[in-house]
>>> print(open('input-v6.cif').read())   # mmCIF, C-alpha atoms
data_target
loop_
_atom_site.group_PDB
_atom_site.id
_atom_site.type_symbol
_atom_site.label_atom_id
_atom_site.label_comp_id
_atom_site.auth_asym_id
_atom_site.auth_seq_id
_atom_site.Cartn_x
_atom_site.Cartn_y
_atom_site.Cartn_z
ATOM 1 C CA MET A 31 -25.502 -9.604 34.488
ATOM 2 C CA HIS A 32 -22.558 -10.650 32.362
ATOM 3 C CA ARG A 33 -22.488 -11.714 28.738
ATOM 4 C CA ARG A 34 -19.849 -13.777 27.002
ATOM 5 C CA LEU A 35 -19.198 -12.379 23.526
ATOM 6 C CA PRO A 36 -16.828 -13.557 20.758
ATOM 7 C CA LEU A 37 -14.520 -10.696 19.861
ATOM 8 C CA PHE A 38 -11.334 -10.211 17.882
ATOM 9 C CA ILE A 39 -8.318 -8.927 19.784
ATOM 10 C CA TYR A 40 -5.063 -7.661 18.315
ATOM 11 C CA LEU A 41 -2.118 -9.722 19.496
ATOM 12 C CA SER A 42 0.667 -7.947 17.664
ATOM 13 C CA GLN A 43 1.021 -5.213 15.088
ATOM 14 C CA CYS A 44 3.638 -3.168 13.303
ATOM 15 C CA HIS A 45 3.673 -0.108 11.089
ATOM 16 C CA ASP A 46 6.068 0.499 8.256
ATOM 17 C CA LYS A 47 6.773 2.812 5.357
ATOM 18 C CA ASP A 48 8.349 1.319 2.262
ATOM 19 C CA CYS A 49 10.088 3.305 -0.445
ATOM 20 C CA LEU A 50 9.704 1.185 -3.585
ATOM 21 C CA GLU A 51 12.204 2.260 -6.201
ATOM 22 C CA ASN A 52 11.916 1.380 -9.879
ATOM 23 C CA ILE A 53 9.132 -1.194 -9.731
ATOM 24 C CA ARG A 54 7.886 -2.153 -13.156
ATOM 25 C CA VAL A 55 4.442 -1.176 -14.444
ATOM 26 C CA TYR A 56 2.722 -3.846 -16.553
ATOM 27 C CA LEU A 57 0.474 -2.033 -19.019
ATOM 28 C CA THR A 58 -2.620 -3.035 -20.927
ATOM 29 C CA GLY A 59 -2.421 -3.827 -24.638
ATOM 30 C CA CYS A 60 -3.637 -0.389 -25.724
ATOM 31 C CA GLY A 61 -1.476 1.341 -23.144
ATOM 32 C CA GLN A 62 1.636 -0.520 -24.237
ATOM 33 C CA ASP A 63 1.110 0.592 -27.846
ATOM 34 C CA VAL A 64 1.087 4.210 -26.656
ATOM 35 C CA VAL A 65 4.146 3.763 -24.421
ATOM 36 C CA ASP A 66 6.147 2.200 -27.269
ATOM 37 C CA LYS A 67 5.830 5.565 -29.074
ATOM 38 C CA ALA A 68 6.431 7.698 -25.983
ATOM 39 C CA ILE A 69 9.201 10.239 -25.480
ATOM 40 C CA SER A 70 8.473 10.685 -21.755
ATOM 41 C CA VAL A 71 5.992 9.599 -19.079
ATOM 42 C CA LYS A 72 4.719 10.965 -15.798
ATOM 43 C CA CYS A 73 3.135 8.996 -12.958
ATOM 44 C CA THR A 74 0.010 10.899 -11.970
ATOM 45 C CA LYS A 75 -1.685 8.476 -9.565
ATOM 46 C CA ALA A 76 -1.114 5.255 -7.637
ATOM 47 C CA GLU A 77 -3.957 3.290 -6.020
ATOM 48 C CA ILE A 78 -3.966 0.172 -3.897
ATOM 49 C CA ILE A 79 -6.085 -2.608 -5.438
ATOM 50 C CA TRP A 80 -5.663 -5.456 -2.975
ATOM 51 C CA VAL A 81 -3.229 -7.060 -0.562
ATOM 52 C CA PHE A 82 -3.062 -10.854 -0.477
ATOM 53 C CA SER A 83 -1.658 -12.426 2.685
ATOM 54 C CA ASP A 84 -0.499 -15.892 3.697
ATOM 55 C CA ILE A 85 0.313 -16.945 7.270
ATOM 56 C CA GLU A 86 2.660 -19.735 8.307
ATOM 57 C CA PRO A 87 4.064 -20.643 11.740
ATOM 58 C CA VAL A 88 7.733 -19.828 12.284
ATOM 59 C CA PRO A 89 9.650 -23.081 12.951
ATOM 60 C CA PHE A 90 11.190 -23.393 16.432
ATOM 61 C CA ASN A 91 9.530 -20.133 17.521
ATOM 62 C CA ARG A 92 6.231 -20.988 19.196
ATOM 63 C CA GLY A 93 3.578 -18.334 18.910
ATOM 64 C CA PHE A 94 5.259 -16.435 16.061
ATOM 65 C CA TYR A 95 4.015 -16.352 12.474
ATOM 66 C CA SER A 96 5.466 -15.155 9.195
ATOM 67 C CA ILE A 97 3.109 -13.146 7.003
ATOM 68 C CA ASP A 98 3.801 -13.075 3.273
ATOM 69 C CA LEU A 99 2.135 -10.079 1.651
ATOM 70 C CA LYS A 100 1.687 -9.236 -2.006
ATOM 71 C CA TYR A 101 0.565 -5.710 -2.828
ATOM 72 C CA PHE A 102 -1.193 -4.904 -6.107
ATOM 73 C CA PHE A 103 -1.185 -1.284 -7.297
ATOM 74 C CA LYS A 104 -3.062 0.426 -10.100
ATOM 75 C CA ILE A 105 -0.727 2.977 -11.694
ATOM 76 C CA THR A 106 -2.010 5.836 -13.858
ATOM 77 C CA LEU A 107 0.472 7.391 -16.295
ATOM 78 C CA ALA A 108 0.429 10.451 -18.494
ATOM 79 C CA VAL A 109 2.280 9.457 -21.686
ATOM 80 C CA PHE A 110 3.790 12.142 -23.923
ATOM 81 C CA THR A 111 4.249 11.143 -27.549
ATOM 82 C CA GLY A 112 4.806 14.589 -29.042
ATOM 83 C CA ALA A 113 3.580 18.139 -28.839
ATOM 84 C CA SER A 114 -0.039 17.074 -28.335
ATOM 85 C CA ARG A 115 -1.770 16.482 -25.044
ATOM 86 C CA PRO A 116 -0.579 13.455 -23.023
ATOM 87 C CA THR A 117 -2.485 10.192 -23.197
ATOM 88 C CA GLU A 118 -3.615 8.586 -19.951
ATOM 89 C CA VAL A 119 -2.870 4.868 -19.603
ATOM 90 C CA GLU A 120 -3.160 2.428 -16.716
ATOM 91 C CA GLY A 121 -1.039 -0.468 -15.558
ATOM 92 C CA LEU A 122 -0.302 -2.892 -12.739
ATOM 93 C CA ALA A 123 2.592 -2.866 -10.270
ATOM 94 C CA THR A 124 3.280 -5.390 -7.503
ATOM 95 C CA PHE A 125 5.364 -5.549 -4.343
ATOM 96 C CA ASP A 126 6.198 -8.492 -2.052
ATOM 97 C CA LYS A 127 6.791 -8.113 1.666
ATOM 98 C CA LYS A 128 7.341 -10.468 4.625
ATOM 99 C CA VAL A 129 6.923 -9.673 8.319
ATOM 100 C CA ILE A 130 7.036 -11.778 11.507
ATOM 101 C CA LEU A 131 4.572 -11.072 14.320
ATOM 102 C CA PHE A 132 3.459 -12.738 17.529
ATOM 103 C CA GLY A 133 0.078 -14.473 17.220
ATOM 104 C CA SER A 134 -0.020 -16.724 20.300
ATOM 105 C CA GLU A 135 -1.097 -20.375 20.056
ATOM 106 C CA GLY A 136 -4.347 -22.177 19.419
ATOM 107 C CA ASN A 137 -4.741 -25.901 18.837
ATOM 108 C CA ALA A 138 -8.525 -26.179 18.765
ATOM 109 C CA LYS A 139 -10.088 -27.304 15.504
ATOM 110 C CA ILE A 140 -12.818 -25.031 14.172
ATOM 111 C CA PHE A 141 -15.826 -26.201 12.197
ATOM 112 C CA ALA A 142 -18.082 -23.575 10.614
ATOM 113 C CA SER A 143 -20.736 -23.367 7.915
ATOM 114 C CA LYS A 144 -20.894 -20.711 5.249
ATOM 115 C CA TYR A 145 -24.169 -19.786 3.616
ATOM 116 C CA LYS A 146 -24.391 -19.944 -0.161
ATOM 117 C CA HIS A 147 -27.443 -18.901 -2.109
ATOM 118 C CA ASP A 148 -29.232 -21.816 -3.784
ATOM 119 C CA ALA A 149 -26.670 -24.288 -2.514
ATOM 120 C CA PHE A 150 -25.943 -26.452 0.503
ATOM 121 C CA ASP A 151 -23.906 -24.987 3.332
ATOM 122 C CA ALA A 152 -20.261 -25.886 2.858
ATOM 123 C CA GLN A 153 -18.280 -26.891 5.918
ATOM 124 C CA LEU A 154 -15.139 -24.880 6.461
ATOM 125 C CA TRP A 155 -12.466 -26.864 8.289
ATOM 126 C CA LYS A 156 -9.225 -25.612 9.721
ATOM 127 C CA LYS A 157 -6.570 -27.731 11.340
ATOM 128 C CA THR A 158 -5.894 -25.068 13.960
ATOM 129 C CA ASN A 159 -7.382 -21.697 14.714
ATOM 130 C CA MET A 160 -4.653 -19.688 13.067
ATOM 131 C CA PRO A 161 -4.649 -15.943 13.714
ATOM 132 C CA HIS A 162 -5.967 -13.597 11.053
ATOM 133 C CA ALA A 163 -3.809 -11.034 9.284
ATOM 134 C CA VAL A 164 -5.202 -7.529 8.885
ATOM 135 C CA VAL A 165 -3.465 -5.036 6.586
ATOM 136 C CA GLU A 166 -4.299 -1.353 6.603
ATOM 137 C CA VAL A 167 -2.733 0.658 3.790
ATOM 138 C CA VAL A 168 -3.378 4.043 2.221
ATOM 139 C CA ASP A 169 -2.928 4.922 -1.426
ATOM 140 C CA PRO A 170 0.789 5.303 -2.198
ATOM 141 C CA ILE A 171 2.647 8.550 -2.814
ATOM 142 C CA THR A 172 4.174 8.879 -6.288
ATOM 143 C CA LEU A 173 7.881 9.699 -6.093
ATOM 144 C CA GLY A 174 9.196 9.292 -9.640
ATOM 145 C CA GLU A 175 9.048 7.468 -12.936
ATOM 146 C CA LYS A 176 11.429 6.210 -15.621
ATOM 147 C CA LEU A 177 10.949 5.217 -19.268
ATOM 148 C CA VAL A 178 13.312 2.477 -20.459
ATOM 149 C CA ASP A 179 13.928 1.381 -24.043
ATOM 150 C CA VAL A 180 14.330 -2.404 -24.062
ATOM 151 C CA ARG A 181 16.320 -2.229 -27.313
ATOM 152 C CA ASP A 182 18.977 -0.048 -25.677
ATOM 153 C CA ARG A 183 21.783 -2.265 -24.384
ATOM 154 C CA LYS A 184 22.680 0.298 -21.721
ATOM 155 C CA ASN A 185 19.375 -0.485 -20.007
ATOM 156 C CA CYS A 186 19.773 -4.252 -20.018
ATOM 157 C CA ASN A 187 19.859 -4.409 -16.233
ATOM 158 C CA CYS A 188 16.276 -3.180 -16.083
ATOM 159 C CA CYS A 189 14.983 -5.787 -18.485
ATOM 160 C CA ASP A 190 15.737 -8.993 -16.611
ATOM 161 C CA ASP A 191 12.663 -9.070 -14.354
ATOM 162 C CA ASP A 192 10.422 -11.928 -15.428
ATOM 163 C CA PHE A 193 6.825 -11.928 -14.243
ATOM 164 C CA ASP A 194 4.493 -14.856 -13.813
ATOM 165 C CA LEU A 195 1.038 -14.130 -15.200
ATOM 166 C CA ALA A 196 -0.421 -16.894 -13.054
ATOM 167 C CA SER A 197 0.521 -14.945 -9.917
ATOM 168 C CA VAL A 198 -2.004 -12.213 -10.792
ATOM 169 C CA PRO A 199 -5.512 -13.153 -9.579
ATOM 170 C CA GLU A 200 -8.385 -12.842 -11.997
ATOM 171 C CA SER A 201 -10.100 -10.381 -9.657
ATOM 172 C CA VAL A 202 -7.143 -8.011 -10.070
ATOM 173 C CA CYS A 203 -7.025 -8.373 -13.855
ATOM 174 C CA ARG A 204 -10.696 -7.430 -14.096
ATOM 175 C CA ILE A 205 -9.859 -3.973 -12.749
ATOM 176 C CA PHE A 206 -8.376 -3.059 -16.135
ATOM 177 C CA ASP A 207 -10.307 -2.552 -19.361
ATOM 178 C CA ASP A 208 -7.882 -4.614 -21.465
ATOM 179 C CA ASN A 209 -5.541 -7.570 -21.027
ATOM 180 C CA LEU A 210 -2.184 -6.882 -19.441
ATOM 181 C CA VAL A 211 0.979 -7.293 -21.532
ATOM 182 C CA PHE A 212 3.815 -9.346 -20.045
ATOM 183 C CA GLY A 213 6.233 -9.524 -22.974
ATOM 184 C CA GLY A 214 7.182 -8.332 -26.458
ATOM 185 C CA GLU A 215 7.207 -4.636 -25.531
ATOM 186 C CA GLN A 216 9.676 -2.062 -26.889
ATOM 187 C CA LYS A 217 9.630 0.290 -23.910
ATOM 188 C CA ARG A 218 8.944 -0.235 -20.236
ATOM 189 C CA VAL A 219 7.887 2.078 -17.431
ATOM 190 C CA TYR A 220 9.298 1.943 -13.908
ATOM 191 C CA VAL A 221 7.897 4.007 -11.041
ATOM 192 C CA SER A 222 8.971 4.817 -7.482
ATOM 193 C CA ILE A 223 6.242 5.062 -4.840
ATOM 194 C CA GLY A 224 6.022 5.394 -1.072
ATOM 195 C CA VAL A 225 3.708 3.066 0.868
ATOM 196 C CA PHE A 226 2.448 3.451 4.449
ATOM 197 C CA SER A 227 0.927 0.348 6.043
ATOM 198 C CA ILE A 228 -0.087 -1.179 9.372
ATOM 199 C CA ILE A 229 -0.025 -4.975 9.696
ATOM 200 C CA LYS A 230 -1.827 -6.749 12.548
ATOM 201 C CA LEU A 231 -2.404 -10.274 13.785
ATOM 202 C CA GLU A 232 -5.762 -10.852 15.462
ATOM 203 C CA ARG A 233 -7.406 -13.849 17.078
ATOM 204 C CA LYS A 234 -11.024 -14.568 18.012
ATOM 205 C CA VAL A 235 -11.511 -15.044 21.757
ATOM 206 C CA GLN A 236 -14.389 -15.183 24.241
ATOM 207 C CA LEU A 237 -14.591 -12.135 26.520
ATOM 208 C CA LEU A 238 -16.833 -11.760 29.556
ATOM 209 C CA ILE A 239 -18.368 -8.273 29.508
ATOM 210 C CA PRO A 240 -20.698 -6.851 32.173
ATOM 211 C CA SER A 241 -24.145 -5.938 30.882
ATOM 212 C CA TYR A 242 -26.354 -3.256 32.433
ATOM 213 C CA ASP A 243 -29.884 -1.952 31.925
ATOM 214 C CA PHE A 244 -30.926 0.268 29.035
ATOM 215 C CA CYS A 245 -29.239 3.663 29.017
ATOM 216 C CA ILE A 246 -31.915 6.329 28.761
ATOM 217 C CA PRO A 247 -30.591 9.818 27.953
ATOM 218 C CA GLN A 248 -31.449 12.433 30.583
ATOM 219 C CA LYS A 249 -30.699 15.541 28.522
ATOM 220 C CA GLU A 250 -33.637 17.166 26.768
ATOM 221 C CA CYS A 251 -33.437 18.029 23.093
ATOM 222 C CA VAL A 252 -33.042 21.760 22.483
ATOM 223 C CA SER A 253 -35.155 23.148 19.679
ATOM 224 C CA ALA A 254 -36.285 26.511 18.394
ATOM 225 C CA THR A 255 -39.389 28.045 19.968
ATOM 226 C CA ASP A 256 -42.596 28.398 18.030
ATOM 227 C CA ASN A 257 -42.567 32.176 18.378
ATOM 228 C CA SER A 258 -38.977 32.703 17.296
ATOM 229 C CA PRO A 259 -37.407 29.977 15.096
ATOM 230 C CA CYS A 260 -34.171 31.998 14.983
ATOM 231 C CA ASP A 261 -33.458 31.522 18.712
ATOM 232 C CA LEU A 262 -31.603 28.271 18.093
ATOM 233 C CA PHE A 263 -29.662 29.781 15.197
ATOM 234 C CA ASP A 264 -28.575 32.701 17.366
ATOM 235 C CA ARG A 265 -26.945 30.291 19.834
ATOM 236 C CA ILE A 266 -24.760 28.692 17.152
ATOM 237 C CA ASP A 267 -21.239 30.123 16.891
ATOM 238 C CA PHE A 268 -20.072 31.431 13.561
ATOM 239 C CA PRO A 269 -17.972 28.708 11.806
ATOM 240 C CA VAL A 270 -14.872 30.778 11.168
ATOM 241 C CA ASP A 271 -12.697 27.747 10.352
ATOM 242 C CA GLU A 272 -14.976 26.784 7.480
ATOM 243 C CA PHE A 273 -14.168 30.013 5.650
ATOM 244 C CA PHE A 274 -10.422 30.277 6.272
ATOM 245 C CA PRO A 275 -7.946 27.417 5.611
ATOM 246 C CA PRO A 276 -5.531 26.587 8.433
ATOM 247 C CA GLU A 277 -2.152 28.279 8.295
ATOM 248 C CA ARG A 278 1.222 26.585 8.211
ATOM 249 C CA GLY A 279 1.865 27.225 11.884
ATOM 250 C CA GLU A 280 -1.319 25.427 12.949
ATOM 251 C CA PHE A 281 -0.185 22.218 11.249
ATOM 252 C CA LEU A 282 3.223 22.361 12.934
ATOM 253 C CA GLU A 283 1.635 22.994 16.358
ATOM 254 C CA ASN A 284 -0.360 19.757 15.960
ATOM 255 C CA GLY A 285 2.828 17.732 15.574
ATOM 256 C CA GLN A 286 2.844 17.503 11.777
ATOM 257 C CA ASP A 287 6.254 17.548 10.104
ATOM 258 C CA ASP A 288 7.272 20.334 7.779
ATOM 259 C CA PRO A 289 7.766 18.747 4.304
ATOM 260 C CA SER A 290 9.661 21.817 3.145
ATOM 261 C CA GLU A 291 12.542 21.101 5.536
ATOM 262 C CA PRO A 292 15.355 18.737 4.416
ATOM 263 C CA ARG A 293 15.391 15.267 5.921
ATOM 264 C CA ASP A 294 18.360 13.781 7.756
ATOM 265 C CA ASP A 295 16.907 10.419 8.855
ATOM 266 C CA GLY A 296 18.363 8.375 5.993
ATOM 267 C CA GLY A 297 15.001 7.919 4.316
ATOM 268 C CA CYS A 298 14.065 8.205 0.670
ATOM 269 C CA GLY A 299 14.732 11.913 0.643
ATOM 270 C CA CYS A 300 11.329 12.564 -0.876
ATOM 271 C CA ARG A 301 8.067 13.766 0.608
#
>>> encode(input="input-v6.cif", output="structure tokens")
Amino acid sequence: MHRRLPLFIYLSQCHDKDCLENIRVYLTGCGQDVVDKAISVKCTKAEIIWVFSDIEPVPFNRGFYSIDLKYFFKITLAVFTGASRPTEVEGLATFDKKVILFGSEGNAKIFASKYKHDAFDAQLWKKTNMPHAVVEVVDPITLGEKLVDVRDRKNCNCCDDDFDLASVPESVCRIFDDNLVFGGEQKRVYVSIGVFSIIKLERKVQLLIPSYDFCIPQKECVSATDNSPCDLFDRIDFPVDEFFPPERGEFLENGQDDPSEPRDDGGCGCR
């Protein structure tokens, strides 16, 4: 017997690593007050909040789509204002990216209903069954930070980046405990981070899959005997790896690069 099931298939994908140098961190009101008095800062953590994507067909290239991506990062800083312990503040950083992938064609119109509690089902209408963008990204690697005094004319080049508050979704702003500051600051913080991501285009299709009878396991469960409950324990090997961390050579044998060696591939130069 065969069954026809709706499944998502990946049509095209790409992986990339982006070295983002000197992207500005937009701080909260309380955090900005601390940074204005700072003598130095250190980026201690970078987290991915969300990635918003928008898909549009590429003109004169049938089957190809441009994907506009906007990354939102939560940056944690340790701010030093004197001899006392550093103060931890949080801020927002963004990054825009565009890629072009193959997504095939589909001209069928799709009508679907979406359930809403205590409300009528709303009809979702699409002109064409556009492919879906899927972005997989891990938390960035912190590479560096820089504190810039806006009042210093030597740093004027770093102070010309205007930011539109309307471009930040409300769901992202709610991540922070206070409102973000987008002007009137005395000092600004810029960080450099490394981002690893995989971007895919997928489309929903109907696949015919053979279906068989129930699969009943033939192997019996092994358990300890009533007379000697330690029989099963005696057959378990001692977990040596749980007590001793792997050595450097074991990582290199598995194909992992050695971060202590200098790089010559023209990359960021940082690991």
>>> resolve_selection(input="input-v6.cif", expression="the PyMOL selection byres ((chain A and resi 170-172) around 8)", output="MDAnalysis selection string")
chainID A and resid 73:78 168:169 173:174 221:226
>>> closest_residue(input="input-v6.cif", among="A:Gly121, A:Gly214, A:Pro161, A:Pro247", to="A:Gly93", atoms="only C-alpha atoms")
A:Pro161
>>> closest_residue(input="input-v6.cif", among="A:Val119, A:Val64, A:Met160, A:Val71", to="A:Thr106", atoms="all atoms listed in the file")
A:Val119
>>> resolve_selection(input="input-v6.cif", expression="the PyMOL selection byres ((chain A and resi 92) around 12)", output="PyMOL selection string")
chain A and resi 86-91+93-96+131-136
>>> atom_distance(input="input-v6.cif", atom1="atom CA of A:Ile97", atom2="atom CA of A:Leu210")
27.7 Å
>>> resolve_selection(input="input-v6.cif", expression="the PyMOL selection byres ((chain A and resi 208) around 7)", output="list of chain:residue names")
A:Thr58, A:Gly59, A:Phe206, A:Asp207, A:Asn209, A:Leu210
>>> closest_residue(input="input-v6.cif", among="A:Asp179, A:Asp66, A:Asp243, A:Asp98", to="A:Val165", atoms="all atoms listed in the file")
A:Asp98
>>> closest_residue(input="input-v6.cif", among="A:Lys100, A:Lys128, A:Arg115, A:Arg181", to="A:Trp80", atoms="all atoms listed in the file")
A:Lys100
>>> atom_distance(input="input-v6.cif", atom1="atom CA of A:Ala68", atom2="atom CA of A:Thr111")
4.4 Å
>>> closest_residue(input="input-v6.cif", among="A:Leu99, A:Val81, A:Cys245, A:Ile69", to="A:Ser114", atoms="only C-alpha atoms")
A:Ile69
>>> closest_residue(input="input-v6.cif", among="A:Arg265, A:Lys230, A:Lys127, A:Lys176", to="A:Ala163", atoms="all atoms listed in the file")
A:Lys230
>>> atom_distance(input="input-v6.cif", atom1="atom CA of A:Val219", atom2="atom CA of A:Arg204")
21.1 Å
>>> residues_around(input="input-v6.cif", residues="A:Val109", least_positions_apart="3", cutoff="7 Å", atoms="all atoms listed in the file", output="compact mmCIF listing (two decimals) with C-alpha atoms, in the frame of the given file")
# COMPACT_ATOMS: atom_id res chain seq x y z
CA VAL A 65 4.15 3.76 -24.42
CA ALA A 68 6.43 7.70 -25.98
CA SER A 70 8.47 10.68 -21.76
CA VAL A 71 5.99 9.60 -19.08
CA LYS A 72 4.72 10.96 -15.80
CA PRO A 116 -0.58 13.46 -23.02
CA THR A 117 -2.48 10.19 -23.20
CA GLU A 118 -3.62 8.59 -19.95
